[in-house]
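> Quick one, query-v8.txt (compact mmCIF, C-alpha atoms):
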```txt
# COMPACT_ATOMS: atom_id res chain seq x y z
CA MET A 1 1.87 62.77 -33.89
CA ARG A 2 4.64 64.76 -35.54
CA THR A 3 4.93 64.75 -39.35
CA VAL A 4 8.32 63.51 -40.45
CA LYS A 5 9.92 62.06 -43.53
CA PRO A 6 9.97 58.24 -43.44
CA LEU A 7 13.28 56.62 -42.59
CA THR A 8 15.41 54.55 -44.93
CA ASP A 9 17.57 51.55 -44.11
CA LYS A 10 20.62 53.57 -45.08
CA GLN A 11 19.78 56.30 -42.59
CA ILE A 12 19.36 53.76 -39.82
CA SER A 13 22.56 51.88 -40.70
CA ASN A 14 24.58 55.12 -40.83
CA ALA A 15 23.24 56.44 -37.52
CA LYS A 16 26.21 56.69 -35.13
CA PRO A 17 26.07 56.56 -31.32
CA LYS A 18 26.46 59.79 -29.37
CA GLY A 19 27.12 60.67 -25.76
CA LYS A 20 23.45 60.05 -24.97
CA GLU A 21 20.64 58.20 -26.71
CA TYR A 22 18.64 59.93 -29.42
CA SER A 23 15.66 59.07 -31.62
CA LEU A 24 15.10 58.84 -35.37
CA TRP A 25 11.41 59.08 -36.27
CA ASP A 26 9.69 57.17 -39.07
CA GLY A 27 6.26 58.74 -38.55
CA GLN A 28 2.92 57.93 -36.89
CA GLY A 29 4.61 57.10 -33.59
CA LEU A 30 7.22 54.68 -34.95
CA HIS A 31 10.82 55.58 -34.16
CA ILE A 32 14.16 54.04 -33.39
CA ILE A 33 16.38 54.84 -30.41
CA VAL A 34 20.13 54.89 -30.91
CA LYS A 35 21.90 54.02 -27.66
CA PRO A 36 25.37 55.32 -26.65
CA THR A 37 26.48 51.68 -26.88
CA GLY A 38 25.53 51.60 -30.56
CA SER A 39 22.46 49.35 -30.22
CA LYS A 40 19.32 50.49 -32.04
CA LEU A 41 15.86 49.73 -30.57
CA TRP A 42 12.45 50.18 -32.17
CA ARG A 43 9.78 51.98 -30.16
CA PHE A 44 6.14 52.75 -30.86
CA GLN A 45 4.39 55.70 -29.25
CA PHE A 46 0.59 55.92 -29.22
CA THR A 47 -2.19 57.73 -27.42
CA LEU A 48 -5.06 55.95 -25.67
CA ALA A 49 -7.67 57.64 -23.48
CA GLU A 50 -5.71 60.87 -23.87
CA LYS A 51 -2.60 59.25 -22.39
CA LYS A 52 0.64 58.73 -24.25
CA LYS A 53 2.11 55.21 -24.03
CA LEU A 54 5.25 53.61 -25.34
CA MET A 55 6.16 50.01 -26.19
CA GLY A 56 9.16 48.27 -27.69
CA LEU A 57 9.09 46.44 -31.03
CA GLY A 58 12.49 44.76 -31.07
CA GLN A 59 16.10 45.51 -31.95
CA TYR A 60 17.47 46.59 -35.31
CA PRO A 61 18.57 44.89 -37.56
CA ALA A 62 16.98 41.69 -36.12
CA THR A 63 13.68 43.53 -36.52
CA SER A 64 13.89 45.20 -39.94
CA LEU A 65 12.39 48.53 -40.92
CA ASP A 66 9.56 46.82 -42.84
CA ALA A 67 8.86 44.45 -39.90
CA ALA A 68 8.75 47.36 -37.46
CA ARG A 69 6.31 49.23 -39.69
CA GLY A 70 4.10 46.13 -39.93
CA LYS A 71 4.00 45.74 -36.14
CA ALA A 72 3.29 49.44 -35.70
CA GLN A 73 0.37 49.23 -38.13
CA GLU A 74 -1.21 46.35 -36.16
CA LEU A 75 -0.81 48.28 -32.92
CA ARG A 76 -2.45 51.41 -34.43
CA LYS A 77 -5.49 49.29 -35.32
CA LEU A 78 -5.74 47.98 -31.75
CA ALA A 79 -5.43 51.47 -30.27
CA ALA A 80 -8.04 52.79 -32.70
CA ALA A 81 -10.41 50.04 -31.50
CA GLY A 82 -9.84 51.10 -27.90
CA VAL A 83 -7.59 48.13 -27.05
CA ASP A 84 -4.43 48.88 -25.11
CA PRO A 85 -1.56 47.19 -27.03
CA VAL A 86 0.61 47.17 -23.87
CA ALA A 87 -2.06 45.40 -21.83
CA ARG A 88 -2.68 42.97 -24.71
CA ARG A 89 1.02 42.12 -24.88
CA GLN A 90 1.16 41.57 -21.11
CA GLU A 91 -1.80 39.19 -21.35
CA GLU A 92 -0.16 37.28 -24.18
CA GLN A 93 3.09 37.03 -22.24
CA ALA A 94 1.21 35.77 -19.18
CA GLU A 95 -0.54 33.15 -21.30
CA GLU A 96 2.77 32.07 -22.78
CA ARG A 97 4.30 31.72 -19.31
CA THR A 98 1.30 29.61 -18.31
CA ARG A 99 1.72 27.43 -21.39
CA GLN A 100 5.40 26.99 -20.65
CA GLY A 101 4.61 26.18 -17.02
CA LEU A 102 2.03 23.58 -18.02
CA ALA A 103 4.46 22.08 -20.51
CA ALA A 104 7.04 21.74 -17.74
CA CYS A 105 4.40 20.18 -15.44
CA THR A 106 4.85 16.68 -16.87
CA PHE A 107 3.36 13.46 -15.55
CA GLN A 108 6.82 12.45 -14.36
CA ALA A 109 7.31 15.68 -12.40
CA VAL A 110 3.91 15.36 -10.70
CA ALA A 111 4.53 11.67 -9.96
CA VAL A 112 7.79 12.55 -8.21
CA GLU A 113 6.01 15.27 -6.25
CA TRP A 114 3.20 12.85 -5.29
CA TYR A 115 5.63 10.15 -4.17
CA ALA A 116 7.46 12.58 -1.89
CA THR A 117 4.19 13.20 -0.03
CA VAL A 118 3.20 9.53 0.38
CA LYS A 119 6.55 7.76 0.71
CA GLY A 120 6.20 7.48 4.49
CA ARG A 121 3.03 5.39 4.11
CA TYR A 122 4.97 2.51 2.59
CA ARG A 123 7.40 0.02 4.07
CA PRO A 124 10.84 0.02 2.45
CA THR A 125 10.08 -3.16 0.52
CA ASN A 126 6.81 -1.70 -0.73
CA GLN A 127 8.54 1.57 -1.62
CA LYS A 128 10.57 -0.38 -4.16
CA LYS A 129 7.37 -1.80 -5.66
CA VAL A 130 5.80 1.65 -5.89
CA LEU A 131 8.91 3.08 -7.57
CA TRP A 132 8.82 0.19 -10.04
CA LEU A 133 5.19 0.99 -10.90
CA LEU A 134 6.09 4.67 -11.26
CA ARG A 135 8.87 3.71 -13.64
CA LEU A 136 6.41 1.75 -15.81
CA LEU A 137 4.02 4.71 -15.87
CA GLY A 138 6.91 7.07 -16.58
CA GLU A 139 7.97 5.02 -19.60
CA ALA A 140 4.47 5.39 -21.03
CA MET A 141 3.51 8.95 -20.04
CA GLY A 142 6.46 10.56 -18.24
CA PRO A 143 7.35 13.37 -20.70
CA LEU A 144 3.73 14.35 -21.41
CA PRO A 145 2.38 17.54 -19.79
CA ILE A 146 -0.09 16.19 -17.27
CA HIS A 147 -2.93 18.42 -18.45
CA THR A 148 -2.72 16.85 -21.95
CA ILE A 149 -3.08 13.24 -20.78
CA ARG A 150 -6.39 11.59 -21.59
CA TYR A 151 -7.86 8.21 -20.77
CA ASN A 152 -6.58 6.70 -24.03
CA HIS A 153 -2.99 7.33 -22.87
CA ILE A 154 -3.67 5.43 -19.64
CA ARG A 155 -5.47 2.61 -21.46
CA ALA A 156 -2.53 2.19 -23.83
CA ALA A 157 -0.10 1.97 -20.89
CA LEU A 158 -2.23 -0.66 -19.17
CA ARG A 159 -2.73 -2.61 -22.38
CA MET A 160 1.02 -3.01 -22.78
CA VAL A 161 1.14 -4.73 -19.40
CA ILE A 162 -1.95 -6.88 -20.02
CA ASP A 163 -0.56 -8.07 -23.35
CA LYS A 164 2.34 -9.57 -21.40
CA GLY A 165 -0.13 -11.49 -19.25
CA ASN A 166 0.29 -9.33 -16.15
CA VAL A 167 -3.31 -8.51 -15.31
CA ALA A 168 -2.67 -7.98 -11.58
CA THR A 169 0.17 -5.57 -12.37
CA ALA A 170 -2.12 -3.66 -14.74
CA HIS A 171 -4.64 -3.17 -11.92
CA LYS A 172 -1.90 -1.94 -9.59
CA LEU A 173 -0.57 0.35 -12.31
CA GLY A 174 -4.01 1.86 -12.92
CA SER A 175 -4.56 2.34 -9.21
CA LYS A 176 -1.29 4.24 -8.85
CA ALA A 177 -2.11 6.36 -11.90
CA ARG A 178 -5.47 7.22 -10.36
CA GLU A 179 -3.76 8.28 -7.12
CA ILE A 180 -1.31 10.52 -8.97
CA PHE A 181 -3.98 12.18 -11.10
CA SER A 182 -6.14 12.64 -8.00
CA TYR A 183 -3.20 14.42 -6.35
CA ALA A 184 -2.75 16.56 -9.49
CA ARG A 185 -6.43 17.52 -9.45
CA ARG A 186 -6.36 18.46 -5.75
CA ASN A 187 -3.36 20.69 -6.40
CA GLY A 188 -4.87 22.49 -9.40
CA TYR A 189 -2.73 20.92 -12.14
CA ILE A 190 -5.77 19.36 -13.85
CA ASP A 191 -9.54 19.68 -13.55
CA THR A 192 -10.58 16.03 -13.90
CA ASN A 193 -9.02 12.64 -13.19
CA PRO A 194 -8.62 10.71 -16.48
CA ALA A 195 -7.87 7.46 -14.60
CA ASP A 196 -11.10 7.32 -12.60
CA ASP A 197 -12.66 4.55 -14.69
CA PHE A 198 -9.57 2.57 -15.60
CA THR A 199 -10.96 -0.75 -14.26
CA LYS A 200 -13.73 -0.81 -16.89
CA ASP A 201 -11.29 -1.89 -19.61
CA LEU A 202 -9.31 -4.38 -17.50
CA PRO A 203 -10.02 -8.11 -17.21
CA PRO A 204 -10.65 -9.26 -13.63
CA ILE A 205 -7.78 -10.58 -11.56
CA LYS A 206 -7.86 -14.33 -11.26
CA SER A 207 -7.13 -15.09 -7.65
CA GLN A 208 -4.08 -17.27 -7.15
CA PRO A 209 -3.78 -18.08 -3.44
CA HIS A 210 -0.45 -19.11 -2.00
CA ALA A 211 0.13 -22.82 -2.49
CA PHE A 212 -0.21 -24.87 0.70
CA ILE A 213 -0.39 -28.48 1.85
CA THR A 214 -3.11 -30.04 3.99
CA ASP A 215 -2.60 -33.70 3.13
CA GLU A 216 -1.13 -35.22 6.29
CA LYS A 217 1.31 -37.58 4.55
CA LYS A 218 2.61 -34.83 2.26
CA LEU A 219 2.86 -32.40 5.15
CA GLY A 220 4.79 -34.95 7.21
CA ALA A 221 7.18 -35.55 4.31
CA LEU A 222 7.74 -31.79 3.96
CA LEU A 223 8.51 -31.44 7.68
CA ARG A 224 11.07 -34.25 7.47
CA SER A 225 12.65 -32.62 4.43
CA MET A 226 12.93 -29.35 6.35
CA ASP A 227 14.66 -31.16 9.23
CA GLU A 228 17.16 -32.66 6.79
CA TYR A 229 17.82 -29.46 4.84
CA ASP A 230 21.56 -28.87 4.50
CA GLY A 231 22.01 -25.14 4.19
CA ALA A 232 22.98 -22.05 6.19
CA LEU A 233 22.24 -22.51 9.90
CA GLN A 234 19.85 -19.55 10.20
CA VAL A 235 17.92 -20.77 7.15
CA ARG A 236 17.60 -24.27 8.64
CA TYR A 237 16.14 -22.89 11.87
CA ALA A 238 13.82 -20.51 10.04
CA LEU A 239 12.46 -23.44 8.02
CA ARG A 240 11.87 -25.58 11.11
CA LEU A 241 10.21 -22.75 13.08
CA MET A 242 7.99 -21.58 10.24
CA PRO A 243 5.34 -24.36 10.51
CA TYR A 244 5.07 -24.04 14.31
CA LEU A 245 4.43 -20.29 14.39
CA ALA A 246 2.12 -19.55 11.42
CA LEU A 247 3.63 -16.04 11.16
CA ARG A 248 3.95 -14.02 8.00
CA ILE A 249 7.36 -14.78 6.57
CA SER A 250 8.41 -11.12 6.84
CA GLU A 251 7.61 -11.15 10.58
CA LEU A 252 9.55 -14.39 11.11
CA ARG A 253 12.70 -13.53 9.16
CA GLY A 254 12.93 -10.09 10.79
CA ALA A 255 12.87 -11.53 14.34
CA ARG A 256 14.98 -9.78 17.02
CA TRP A 257 16.14 -11.46 20.19
CA ALA A 258 14.91 -8.45 22.16
CA GLU A 259 11.35 -9.31 21.11
CA ILE A 260 11.43 -12.86 22.47
CA ASP A 261 11.04 -13.90 26.13
CA LEU A 262 12.03 -17.56 26.16
CA ASP A 263 11.33 -17.91 29.90
CA ALA A 264 7.75 -16.72 29.43
CA ALA A 265 7.49 -18.50 26.06
CA LEU A 266 6.19 -15.30 24.44
CA TRP A 267 7.25 -13.36 21.39
CA VAL A 268 5.92 -9.86 20.77
CA VAL A 269 6.32 -8.87 17.14
CA PRO A 270 6.32 -5.04 17.20
CA ALA A 271 4.00 -3.02 15.01
CA LYS A 272 6.95 -1.40 13.28
CA ARG A 273 10.53 -2.50 13.51
CA GLN A 274 13.15 0.25 13.50
CA ASP A 275 14.90 -0.76 10.31
CA LYS A 276 14.67 -0.52 6.55
CA ASP A 277 13.83 -4.14 5.74
CA GLY A 278 10.06 -3.83 5.99
CA THR A 279 9.57 -6.73 8.42
CA GLY A 280 7.11 -5.06 10.82
CA MET A 281 3.48 -6.02 11.21
CA LYS A 282 1.24 -5.70 8.16
CA MET A 283 -1.69 -4.43 10.25
CA ARG A 284 0.54 -1.92 12.10
CA GLN A 285 -0.33 -3.49 15.47
CA PRO A 286 1.96 -5.54 17.72
CA HIS A 287 1.35 -9.30 17.67
CA ILE A 288 1.68 -11.42 20.82
CA VAL A 289 2.79 -14.94 19.89
CA PRO A 290 2.60 -17.75 22.49
CA LEU A 291 5.45 -20.20 21.85
CA SER A 292 5.11 -23.97 21.99
CA THR A 293 7.76 -25.98 23.82
CA GLN A 294 9.09 -27.08 20.41
CA ALA A 295 9.45 -23.47 19.24
CA VAL A 296 11.17 -22.47 22.50
CA ALA A 297 13.65 -25.36 22.16
CA LEU A 298 14.53 -24.38 18.59
CA LEU A 299 14.99 -20.74 19.56
CA GLN A 300 17.18 -21.69 22.51
CA ASP A 301 19.43 -23.69 20.20
CA LEU A 302 19.51 -20.88 17.62
CA LYS A 303 20.43 -18.35 20.31
CA LEU A 304 23.69 -20.20 20.91
CA PHE A 305 24.70 -19.25 17.37
CA THR A 306 23.12 -15.84 16.70
CA GLY A 307 22.35 -14.60 20.23
CA HIS A 308 25.30 -12.19 20.05
CA ALA A 309 23.52 -10.29 17.28
CA ALA A 310 20.31 -8.30 17.28
CA LEU A 311 18.76 -10.43 14.55
CA CYS A 312 17.70 -14.01 15.10
CA PHE A 313 18.14 -14.80 11.41
CA PRO A 314 20.90 -12.56 10.01
CA SER A 315 21.66 -12.92 6.33
CA PRO A 316 24.34 -15.57 5.67
CA VAL A 317 25.83 -13.22 3.05
CA GLY A 318 28.72 -11.39 4.70
CA LYS A 319 28.01 -7.94 3.27
CA LYS A 320 24.35 -8.19 4.32
CA ALA A 321 24.87 -9.63 7.80
CA SER A 322 23.19 -6.57 9.32
CA GLN A 323 20.02 -7.49 7.43
CA PRO A 324 17.71 -10.47 7.99
CA ILE A 325 17.51 -13.38 5.59
CA SER A 326 15.29 -12.59 2.63
CA ASP A 327 11.98 -14.07 1.58
CA MET A 328 13.72 -15.36 -1.54
CA THR A 329 16.25 -17.20 0.60
CA ILE A 330 13.43 -19.20 2.19
CA ARG A 331 11.74 -19.77 -1.17
CA ASN A 332 14.98 -20.99 -2.71
CA ALA A 333 15.52 -23.39 0.19
CA LEU A 334 12.10 -24.94 -0.48
CA ARG A 335 12.96 -25.16 -4.18
CA ARG A 336 16.23 -26.95 -3.40
CA MET A 337 14.24 -29.39 -1.30
CA GLY A 338 12.21 -30.20 -4.40
CA TYR A 339 9.06 -28.15 -3.69
CA ALA A 340 7.93 -25.87 -6.51
CA ASN A 341 5.97 -22.64 -6.00
CA LYS A 342 2.80 -24.39 -7.13
CA GLU A 343 3.19 -26.92 -4.26
CA ILE A 344 4.12 -24.75 -1.26
CA THR A 345 5.24 -21.18 -0.53
CA PRO A 346 6.47 -19.70 2.76
CA HIS A 347 3.13 -17.93 3.17
CA GLY A 348 1.36 -21.21 2.47
CA PHE A 349 2.10 -22.47 5.98
CA ARG A 350 -0.37 -19.89 7.30
CA HIS A 351 -3.04 -21.38 5.05
CA THR A 352 -2.11 -24.85 6.28
CA PHE A 353 -2.51 -23.74 9.90
CA SER A 354 -5.74 -21.87 9.20
CA THR A 355 -7.22 -24.92 7.46
CA LEU A 356 -6.20 -27.57 9.97
CA ALA A 357 -6.17 -25.71 13.29
CA ASN A 358 -9.85 -26.31 13.98
CA GLU A 359 -8.90 -29.89 14.70
CA PHE A 360 -7.40 -28.56 17.92
CA ALA A 361 -10.09 -26.13 19.08
CA LEU A 362 -10.14 -25.61 22.83
CA SER A 363 -13.32 -25.88 24.83
CA ASP A 364 -14.33 -23.47 27.55
CA GLY A 365 -13.01 -26.08 29.98
CA ASP A 366 -9.53 -25.75 28.51
CA THR A 367 -9.51 -29.25 27.06
CA ILE A 368 -8.44 -30.05 23.55
CA GLU A 369 -11.18 -31.53 21.44
CA GLY A 370 -11.18 -32.70 17.83
CA GLY A 371 -13.52 -31.69 15.05
CA LEU A 372 -15.18 -28.32 14.89
CA ALA A 373 -16.23 -28.13 18.54
CA HIS A 374 -16.59 -24.59 19.87
CA LYS A 375 -16.02 -23.27 16.37
CA LYS A 376 -16.84 -19.64 17.15
CA ARG A 377 -14.32 -19.47 19.96
CA SER A 378 -11.67 -21.33 17.98
CA ASP A 379 -12.20 -19.02 15.00
CA ASP A 380 -11.39 -16.08 17.26
CA TRP A 381 -8.25 -17.78 18.52
CA ILE A 382 -7.09 -18.74 15.04
CA THR A 383 -7.74 -15.21 13.78
CA ALA A 384 -5.65 -13.85 16.67
CA ALA A 385 -2.89 -16.42 16.04
CA LEU A 386 -2.67 -15.33 12.41
CA ALA A 387 -2.71 -11.62 13.42
CA LYS A 388 -5.56 -11.01 11.01
CA LYS A 389 -7.91 -8.08 11.38
CA ASP A 390 -11.19 -8.86 13.07
CA GLY A 391 -14.15 -7.86 10.90
CA ASN A 392 -15.65 -6.14 13.94
CA ASN A 393 -13.34 -3.16 14.51
CA ILE A 394 -14.31 -2.60 18.14
CA ARG A 395 -14.08 -6.26 19.07
CA GLY A 396 -10.88 -6.57 17.05
CA THR A 397 -9.27 -3.82 19.10
CA TYR A 398 -10.45 -5.34 22.39
CA ASN A 399 -9.38 -8.87 21.43
CA HIS A 400 -5.99 -7.78 20.13
CA ALA A 401 -4.08 -9.07 23.19
CA ALA A 402 -6.78 -11.49 24.35
CA TYR A 403 -6.94 -15.29 24.22
CA ILE A 404 -3.28 -15.71 25.22
CA GLU A 405 -3.84 -18.82 27.37
CA PRO A 406 -6.24 -20.63 25.04
CA ARG A 407 -3.95 -19.70 22.13
CA ARG A 408 -0.97 -21.07 24.05
CA LYS A 409 -2.79 -24.41 24.34
CA LEU A 410 -3.87 -24.19 20.70
CA MET A 411 -0.30 -23.60 19.48
CA GLN A 412 1.04 -26.40 21.68
CA ALA A 413 -1.59 -28.77 20.31
CA TRP A 414 -0.67 -27.66 16.80
CA ALA A 415 3.05 -28.25 17.40
CA ASP A 416 2.36 -31.71 18.87
CA TYR A 417 0.23 -32.53 15.85
CA LEU A 418 3.03 -31.50 13.47
CA ASP A 419 5.40 -33.74 15.38
CA THR A 420 3.11 -36.73 14.89
CA LEU A 421 3.06 -36.00 11.16
CA ARG A 422 6.85 -35.64 11.11
CA GLU A 423 7.12 -39.07 12.73
CA GLY A 424 4.56 -40.54 10.34
CA LYS A 425 2.16 -41.46 13.15
CA ALA A 426 -0.91 -39.48 12.04
```
Once you've parsed the file, please lay out its structure as structure tokens.


Amino acid sequence: MRTVKPLTDKQISNAKPKGKEYSLWDGQGLHIIVKPTGSKLWRFQFTLAEKKKLMGLGQYPATSLDAARGKAQELRKLAAAGVDPVARRQEEQAEERTRQGLAACTFQAVAVEWYATVKGRYRPTNQKKVLWLLRLLGEAMGPLPIHTIRYNHIRAALRMVIDKGNVATAHKLGSKAREIFSYARRNGYIDTNPADDFTKDLPPIKSQPHAFITDEKKLGALLRSMDEYDGALQVRYALRLMPYLALRISELRGARWAEIDLDAALWVVPAKRQDKDGTGMKMRQPHIVPLSTQAVALLQDLKLFTGHAALCFPSPVGKKASQPISDMTIRNALRRMGYANKEITPHGFRHTFSTLANEFALSDGDTIEGGLAHKKRSDDWITAALAKKDGNNIRGTYNHAAYIEPRRKLMQAWADYLDTLREGKA
């Protein structure tokens, strides 16, 4: 290193730009470069492994003379110890970029990324539920860098929901958090999933099945009330058809005329309807529904009014006429008839059918017998009528379109039975 007289602040301040840059040396490798533009930049020159290297220390006067000397002294110590100050700085900068990247990788950002990859798995109606759960999680953990989140953060978020009495929602919330953290782990954002054991601190969900009616007198009274309901035409017909068909309410309200063959008395609910209302089949398999004479008659009457449209039950609200009636529309109709949620729900009619249908089990000789005769066969038919998944996957696939004729007789017997209740003759 050249021996020079140390610089003073006055010398540096008075240094004027020239046609090309020049250097003012302070000694021991520290110097300042004066640019033609007038800017003044600190540089430090050192030798390591017999090679000269240069690194910047900042701009004057933001970096003062004393500050530059202090930095230079630290760098001399590193070089003397055999550490390359340039390489050290590059490592520190890389670490800082990593820290900044992790800080930007928030729970909210990863949740959005996760949802984009799984959105197609959900029906439109379920997409809204998932987004609602993501919003709840975002309110609790959204701004936090995902690598900083620990189990106590998740527990606190779930506790807020439980304290409001929403245990089932807390379980759903924890499940979604576990999915998101699992996605983050698979993609290298985190090493472990902090939500793996979230169920250990949650109370169990108390099962609350859909309310339904099996008392014959009460069921008959309900059927008569449905016949007398004074509301929108499509709602009246949906109410009257609902007990005959034992379909999920989403499958019923999303009915299309193109799915129904009134001459053959068959309705094929497709696995997935080409719309955004989420009214396709829950099990993602088409469902063949034999129609009783009563159901056919009601559909024939309804077709006179809505047959010009694609939907059997278009929304009575003008702006939503291209959409089917909603589940809430049916629920509200039952409420107006005087039936609270704790007494009956639209889904409850499936429970009613499932409970009582064994009274109309068909024998191998195609005769209708009371009681639990031929229970195994009738169980298969009832399972098929409800479009529920058979516990035996192979048999369930084979039986998917089976039992049409015995089911046709079963559904006719069921419809006739409902009529006797409606007339008060049971």

> With only C-alpha atoms as the basis for distance, which of A:Leu41, A:Ile146, A:Val112, A:Ala49 is at the shortest distance from Ile190 (chain A)?

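Ranking A:Leu41, A:Ile146, A:Val112, A:Ala49 by distance to Ile190 (chain A), first place goes to A:Ile146.
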
> Near Glu113 (chain A), within 12 Å and counting all atoms listed in the file, which residues show up once chain neighbours fewer than 5 positions away are dropped, as a PyMOL selection string?

chain A and resi 105-108+118-119+134+180-181+183-184+187+189

> Could you take the residues named above and write them with C-alpha atoms, as a PDB file, keeping the file's coordinate frame?


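Written file, out13.pdb:
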```pdb
ATOM      1  CA  CYS A 105       4.400  20.180 -15.440  1.00  0.00           C
ATOM      2  CA  THR A 106       4.850  16.680 -16.870  1.00  0.00           C
ATOM      3  CA  PHE A 107       3.360  13.460 -15.550  1.00  0.00           C
ATOM      4  CA  GLN A 108       6.820  12.450 -14.360  1.00  0.00           C
ATOM      5  CA  VAL A 118       3.200   9.530   0.380  1.00  0.00           C
ATOM      6  CA  LYS A 119       6.550   7.760   0.710  1.00  0.00           C
ATOM      7  CA  LEU A 134       6.090   4.670 -11.260  1.00  0.00           C
ATOM      8  CA  ILE A 180      -1.310  10.520  -8.970  1.00  0.00           C
ATOM      9  CA  PHE A 181      -3.980  12.180 -11.100  1.00  0.00           C
ATOM     10  CA  TYR A 183      -3.200  14.420  -6.350  1.00  0.00           C
ATOM     11  CA  ALA A 184      -2.750  16.560  -9.490  1.00  0.00           C
ATOM     12  CA  ASN A 187      -3.360  20.690  -6.400  1.00  0.00           C
ATOM     13  CA  TYR A 189      -2.730  20.920 -12.140  1.00  0.00           C
TER      14      TYR A 189
END
```

> With 12 Å as the threshold, what does the neighbourhood of (0.5, 15.3, -22.4) contain in terms of residues, counting only C-alpha atoms? Coordinates are those of the file; answer as JSON, numbers by chain.

{"A": [102, 103, 104, 105, 106, 107, 108, 138, 140, 141, 142, 143, 144, 145, 146, 147, 148, 149, 150, 151, 152, 153, 154, 190, 194]}

> Could you write out that same residue set with C-alpha atoms as a PDB file, in the frame of the given file?


```pdb
ATOM      1  CA  LEU A 102       2.030  23.580 -18.020  1.00  0.00           C
ATOM      2  CA  ALA A 103       4.460  22.080 -20.510  1.00  0.00           C
ATOM      3  CA  ALA A 104       7.040  21.740 -17.740  1.00  0.00           C
ATOM      4  CA  CYS A 105       4.400  20.180 -15.440  1.00  0.00           C
ATOM      5  CA  THR A 106       4.850  16.680 -16.870  1.00  0.00           C
ATOM      6  CA  PHE A 107       3.360  13.460 -15.550  1.00  0.00           C
ATOM      7  CA  GLN A 108       6.820  12.450 -14.360  1.00  0.00           C
ATOM      8  CA  GLY A 138       6.910   7.070 -16.580  1.00  0.00           C
ATOM      9  CA  ALA A 140       4.470   5.390 -21.030  1.00  0.00           C
ATOM     10  CA  MET A 141       3.510   8.950 -20.040  1.00  0.00           C
ATOM     11  CA  GLY A 142       6.460  10.560 -18.240  1.00  0.00           C
ATOM     12  CA  PRO A 143       7.350  13.370 -20.700  1.00  0.00           C
ATOM     13  CA  LEU A 144       3.730  14.350 -21.410  1.00  0.00           C
ATOM     14  CA  PRO A 145       2.380  17.540 -19.790  1.00  0.00           C
ATOM     15  CA  ILE A 146      -0.090  16.190 -17.270  1.00  0.00           C
ATOM     16  CA  HIS A 147      -2.930  18.420 -18.450  1.00  0.00           C
ATOM     17  CA  THR A 148      -2.720  16.850 -21.950  1.00  0.00           C
ATOM     18  CA  ILE A 149      -3.080  13.240 -20.780  1.00  0.00           C
ATOM     19  CA  ARG A 150      -6.390  11.590 -21.590  1.00  0.00           C
ATOM     20  CA  TYR A 151      -7.860   8.210 -20.770  1.00  0.00           C
ATOM     21  CA  ASN A 152      -6.580   6.700 -24.030  1.00  0.00           C
ATOM     22  CA  HIS A 153      -2.990   7.330 -22.870  1.00  0.00           C
ATOM     23  CA  ILE A 154      -3.670   5.430 -19.640  1.00  0.00           C
ATOM     24  CA  ILE A 190      -5.770  19.360 -13.850  1.00  0.00           C
ATOM     25  CA  PRO A 194      -8.620  10.710 -16.480  1.00  0.00           C
TER      26      PRO A 194
END
```

> Between CA of Val110 (chain A) and CA of Met160 (chain A), what is the distance in Å, rounded to a tenth?

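Spanning CA of Val110 (chain A) to CA of Met160 (chain A) is a straight-line distance of 22.2 Å.
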
> Tell me which protein, DNA and RNA residues are within 12 Å of region 338-346 of chain A, counting all atoms listed in the file, leaving out same-chain ones fewer than 2 positions away, and put them as number ranges by chain.

A: 208-215, 218-219, 221-223, 225-226, 229, 238-243, 245-253, 326-336, 348-352

> At what distance in Å, to one decimal, does CA of Pro314 (chain A) lie from CA of Arg422 (chain A)?

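A separation of 27.0 Å between them.
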
> Can you measure CA of Ile260 (chain A) to CA of Leu291 (chain A) for me? One decimal in Å is fine.

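Calculated distance between CA of Ile260 (chain A) and CA of Leu291 (chain A) is 9.5 Å.
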
> Near Trp257 (chain A), counting only C-alpha atoms, which residues have an atom at most 7 Å away, once you skip same-chain residues fewer than 5 positions from it, shown as a list in words?

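Within the cut-off, the hits are Gly307, Ala310, Leu311 and Cys312 of chain A.
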
> Which one of A:Ile33, A:Ala81, A:Val130, A:Ala265 sits closest to Lys409 (chain A) if you count all atoms listed in the file?

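Among the listed residues, A:Ala265 lies closest to Lys409 (chain A).
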
> If we count only C-alpha atoms, what is near Leu78 (chain A) at a cut-off of 12 Å, once residues fewer than 3 positions away on the same chain are taken out, given as a ChimeraX atom specification?

/A:46-48,71-75,81-89

> Measuring between all atoms listed in the file, which one of A:Leu298, A:Val167, A:Val4, A:Ile12 shows the shortest distance to Pro204 (chain A)?

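Closest residue, counting all atoms listed in the file: A:Val167.
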
> Can you list, as an NGL selection string, every protein, DNA or RNA residue that comes within 12 Å of Gly19 (chain A) when you count all atoms listed in the file, leaving out same-chain residues fewer than 4 positions away?

:A and (34-38)

> Can those selected residues be exported to a file as a PDB file, in the coordinates of the input so that it contains C-alpha atoms?


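Below you can see selection-v6.pdb, which holds the result:
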```pdb
ATOM      1  CA  VAL A  34      20.130  54.890 -30.910  1.00  0.00           C
ATOM      2  CA  LYS A  35      21.900  54.020 -27.660  1.00  0.00           C
ATOM      3  CA  PRO A  36      25.370  55.320 -26.650  1.00  0.00           C
ATOM      4  CA  THR A  37      26.480  51.680 -26.880  1.00  0.00           C
ATOM      5  CA  GLY A  38      25.530  51.600 -30.560  1.00  0.00           C
TER       6      GLY A  38
END
```

> Which is closest to Gln300 (chain A) among A:Leu262, A:His287, A:Gln323, A:Leu421, if we use only C-alpha atoms?

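Looking at the shortest contact to Gln300 (chain A), the residue is A:Leu262.
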
> Identify which of the residues A:Pro124, A:Leu65, A:Ala111, A:His171 lies closest to Arg273 (chain A), counting all atoms listed in the file when measuring atom-to-atom distances.

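For Arg273 (chain A), the nearest of the candidates is A:Pro124.
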